[in-house]
Amino acid sequence: MDAGLVILFGSLLAQGAYPMPWAVAAVAAVSWWAASRAPLASGAAAWWLPWLGWSVLAAASSSQPWAAVPVVARWGAALLFFAAASASWREGERRRWLTVVWAAGAVLAVAGAWTGWRTGHYAGAHGLIFSGTSRYYGYTAFAVLAAAAAGLGAATHPSADRRLRAAGFAAAALGTVYVAGSRSRGALLGLLAAAALVAVRRLGAAKAALLLAAPLAAALLVPASRDLLLKKDSRYQWGRVDQWRAAAAAAMDAPLHGWGPGNYRLGYLRHPVAAEGPVRYNLVSDHAHSEPLQAAAETGWAGLVLWALGFLLTLTPLLRPGPDPASAGAAAAAAGMAVMLLGDNLLQVPALGFLYFSALVCAGDAAVPWRVVLPRRALLASGFLLTAGPLAPAARETGGAGPVEARVWRAAHALAFYPEDADLRAELALLYESGGGYAGADEQWARAQATAPFNAVYAFRRGLLAQRRGDWEAAQRQHARAAELEPAFRDARLGRAVALWGAGRLAEAREELAAAKTLADPGPQGYAYADIVAARDPGALARVEAMLKRPSPRKP
């Protein structure tokens with residue numbers, strides 16, 4: 001079997017077993033090895049090279065160029081895989097590709113359903129495929145969607161024999177049941193897109209529209225199916241649309257070259273999505289939940305144009321009828337996955353990138369007006385870079401024991417690579433506070449606040465430091481900002497009451513204390529930021545109330 005198919009199958013399953021950065025690096029190394037043994041013409045991967053080159057320029061123009069290393073490495077590995085497969089795969093590899101995708105889809109569907117059942121969630125709530133430390137059901141749904149769509153496309157091809165039809169329809173049925181059970185709207189839309197492509201190829205556009213109109217109308221008009229599609233029982237049913245608005249706003253902040261690959265969070269923190277519930281800004285996102293919007297935010301609107309160029313031109317084989325069942329199945333899979341990519345970030349997982357580009361290879365060759373040939377020595381050098389690339393975030397790791405001075409040095413070292421990392425700034429500020437360096441701590445809190453202006457904890461901590469140095473007006477402004485961002489932040493309201501008392505504004509201090517008394521206890525939230533906002537010290541109200549009865553340090 002072709003080495004690329006072994007990589008595809010192994011990476012899809014190993015991504016769940018080995019979610020650590022070194023495993024991603026190993027996958028990149030193997031993809032480089034496979035590419036070095038194949039013809040080196042770029043093929044349709046060349047359409048992506050302008051965007052990849054622009055990404056490097058955007059990284060160089062960003063405030064955190066090092067954040068781009070794992071992103072460029074991941075995309076580089078996927079495009080090397082794409083180029084190598086385009087140069088070496090033929091009809092035999094296409095047939096084996098169907099078997100690999102169906103086998104992986106079946107394993108992932110069963111594992112996803114099992115983990116969902118074991119944890120009491122809907123099917124695949126946790127899935128099997130990791131990204132970093134996160135298991136997201138959409139990753140598994142993406143792979144199962146590819147298997148189901150490939151089954152439908154292959155089974156309906158005129159030259160498919162009886163055994164292939166049976167296997168294809170079985171894969172399509174299993175995948176459809178899993179996708180419906182996982183309640184992945186993106187995967188359901190992807191299945192609809194794959195079915196539309198198959199229908200157009202077999203029946204023509206007019207008949208296909210009539211055929212698909214009925215199920216689409218039923219999905220939108222029947223209350224039960226509409227509620228399932230819209231996730232009416234979900235508290236965050238419109239969260240995805242809000243995420244897209246945030247991504248577009250982040251792109252508008254840096255329209256030319258964006259925030260830089262790997263720096264999406266910097267843009268998001270300036271336009272975060274406010275959640276319902278007692279804590280509004282607990283959600284922090286590194287992804288736009290849309291591949292094109294991710295490209296826009298990280299590489300600018302110019303980058304989005306180049307990204308769309310690569311995306312659309314490598315889909316051109318879908319416009320032609322497939323010469324055999326495998327190519328027809330791959331085209332249906334590529335169509336379904338392409339639609340899902342518009343509404344989610346799935347190419348961040350190397351295995352899923354290999355899956356998507358392998359489907360494009362099997363769907364057919366996309367015409368390229370030029371031929372890029374990579375010398376083997378250049379490929380060797382790029383392979384080492386791609387192997388090491390996913391390990392770059394290790395520079396952020398600053399934990400560990402030891403003297404405060406050593407821990408401060410580690411945090412400062414990490415900030416040299418990621419100067420706008422608000423979490424690192426907060427860690428350094430706490431270290432300064434523990435050693436009595438309050439001026440240095442306030443500087444770090446201020447810089448963290450500049451990066452994440454909607455983080456109420458940063459404002460609260462600055463308010464406490466202002467109180468310590470007797471700057472009551474600055475303290476009450478910071479506490480007021482914290483309470484404005486998080487109305488349920490009782491400690492911020494109590495801090496403001498104390499600061500107003502210190503400034504001699506006793507009537508306002510009593511009003512703030514009264515407002516704090518009305519706040520209900522939301523209970524533990526399970527996240528560090530949310531737990532700080534929701535914290536309730538039983539004796540805090542009494543202590544502040546007693547303080548307000550004493551004379552203020554400043555006369556009104």
# chains A, B, ... in the order shown; residues from 1 in each chain; ligands from 1
>>> closest_atom_pairs(of="stretch 273-391 of chain A", to="stretch 100-106 of chain A", cutoff="10 Å", atoms="only C-alpha atoms", output="tab-separated table")
residue	atom	partner	partner_atom	distance
A:Ala330	CA	A:Val101	CA	9.6
A:Ala333	CA	A:Val101	CA	9.8
A:Leu355	CA	A:Val101	CA	8.3
A:Ser358	CA	A:Val101	CA	10.0
A:Ala359	CA	A:Val101	CA	9.4
>>> residues_around(residues="A:Leu152", least_positions_apart="5", cutoff="12 Å", atoms="only C-alpha atoms", output="VMD selection string")
chain A and resid 98 102 145 to 147 157 160 164 to 176 191 to 199 202 325 to 333 336
>>> residues_around(residues="A:Trp51", least_positions_apart="6", cutoff="8 Å", atoms="only C-alpha atoms", output="ChimeraX atom specification")
/A:303,306-307,310
>>> select_by_dssp(residues="stretch 100-296 of chain A", states="alpha helix (DSSP H)", output="ChimeraX atom specification")
/A:100-119,137-155,162-182,185-203,205-221,223-230,239-253,264-268,291-296
>>> residues_around(residues="A:Trp501", least_positions_apart="6", cutoff="9 Å", atoms="only C-alpha atoms", output="ChimeraX atom specification")
/A:472,507-510,547-548,551-554
>>> write_last_selection(atoms="all heavy atoms", output="CSV table (one decimal), in the first residue's frame")
chain,number,residue,atom,x,y,z
A,472,TRP,N,-7.1,55.9,45.8
A,472,TRP,CA,-8.5,55.4,45.9
A,472,TRP,C,-9.3,55.7,44.6
A,472,TRP,O,-10.2,54.9,44.2
A,472,TRP,CB,-9.2,56.1,47.0
A,472,TRP,CG,-8.5,55.9,48.3
A,472,TRP,CD1,-7.8,56.8,49.1
A,472,TRP,CD2,-8.5,54.6,49.1
A,472,TRP,NE1,-7.3,56.2,50.2
A,472,TRP,CE2,-7.7,54.9,50.2
A,472,TRP,CE3,-9.0,53.4,48.8
A,472,TRP,CZ2,-7.5,53.9,51.2
A,472,TRP,CZ3,-8.8,52.4,49.8
A,472,TRP,CH2,-8.0,52.6,50.9
A,507,ALA,N,-21.6,57.9,50.5
A,507,ALA,CA,-23.0,57.6,50.1
A,507,ALA,C,-22.9,56.6,48.9
A,507,ALA,O,-23.6,55.6,48.8
A,507,ALA,CB,-23.7,58.8,49.6
A,508,GLU,N,-22.0,56.9,48.0
A,508,GLU,CA,-21.8,55.9,46.8
A,508,GLU,C,-21.2,54.6,47.3
A,508,GLU,O,-21.6,53.5,46.8
A,508,GLU,CB,-20.8,56.5,45.8
A,508,GLU,CG,-21.3,57.8,45.1
A,508,GLU,CD,-20.3,58.4,44.2
A,508,GLU,OE1,-20.0,57.8,43.2
A,508,GLU,OE2,-19.7,59.4,44.6
A,509,ALA,N,-20.4,54.6,48.3
A,509,ALA,CA,-19.8,53.4,48.9
A,509,ALA,C,-21.0,52.5,49.4
A,509,ALA,O,-21.0,51.3,49.2
A,509,ALA,CB,-18.8,53.7,49.9
A,510,ARG,N,-21.9,53.1,50.2
A,510,ARG,CA,-23.0,52.4,50.7
A,510,ARG,C,-23.9,51.8,49.6
A,510,ARG,O,-24.4,50.7,49.7
A,510,ARG,CB,-23.8,53.2,51.7
A,510,ARG,CG,-23.0,53.7,52.9
A,510,ARG,CD,-23.9,54.3,54.0
A,510,ARG,NE,-23.1,54.8,55.1
A,510,ARG,CZ,-22.7,56.1,55.3
A,510,ARG,NH1,-23.0,57.0,54.4
A,510,ARG,NH2,-22.0,56.4,56.3
A,547,MET,N,-16.1,48.3,57.8
A,547,MET,CA,-15.1,49.3,57.4
A,547,MET,C,-15.8,50.6,57.1
A,547,MET,O,-15.3,51.7,57.4
A,547,MET,CB,-14.4,48.8,56.2
A,547,MET,CG,-13.3,49.8,55.6
A,547,MET,SD,-12.4,49.1,54.2
A,547,MET,CE,-11.4,47.9,55.1
A,548,LEU,N,-17.0,50.5,56.4
A,548,LEU,CA,-17.7,51.7,56.0
A,548,LEU,C,-18.2,52.5,57.2
A,548,LEU,O,-18.6,53.7,57.1
A,548,LEU,CB,-18.9,51.4,55.1
A,548,LEU,CG,-18.5,50.7,53.8
A,548,LEU,CD1,-19.7,50.7,52.8
A,548,LEU,CD2,-17.4,51.4,53.1
A,551,PRO,N,-14.3,56.1,60.1
A,551,PRO,CA,-14.0,57.4,59.3
A,551,PRO,C,-13.2,57.1,58.1
A,551,PRO,O,-12.3,56.3,58.1
A,551,PRO,CB,-13.2,58.2,60.3
A,551,PRO,CG,-13.6,57.6,61.7
A,551,PRO,CD,-13.8,56.2,61.5
A,552,SER,N,-13.5,57.8,57.0
A,552,SER,CA,-12.8,57.7,55.8
A,552,SER,C,-11.4,58.3,55.9
A,552,SER,O,-11.2,59.3,56.6
A,552,SER,CB,-13.5,58.3,54.6
A,552,SER,OG,-12.8,58.4,53.5
A,553,PRO,N,-10.4,57.7,55.2
A,553,PRO,CA,-9.1,58.4,55.2
A,553,PRO,C,-9.1,59.8,54.6
A,553,PRO,O,-8.2,60.6,54.8
A,553,PRO,CB,-8.2,57.4,54.3
A,553,PRO,CG,-8.9,56.1,54.4
A,553,PRO,CD,-10.4,56.5,54.5
A,554,ARG,N,-10.1,60.1,53.8
A,554,ARG,CA,-10.2,61.4,53.1
A,554,ARG,C,-11.6,62.0,53.4
A,554,ARG,O,-12.6,61.3,53.3
A,554,ARG,CB,-10.0,61.2,51.6
A,554,ARG,CG,-10.0,62.5,50.9
A,554,ARG,CD,-9.9,62.3,49.4
A,554,ARG,NE,-8.6,61.6,49.1
A,554,ARG,CZ,-8.3,61.2,47.8
A,554,ARG,NH1,-9.2,61.4,46.8
A,554,ARG,NH2,-7.2,60.6,47.6
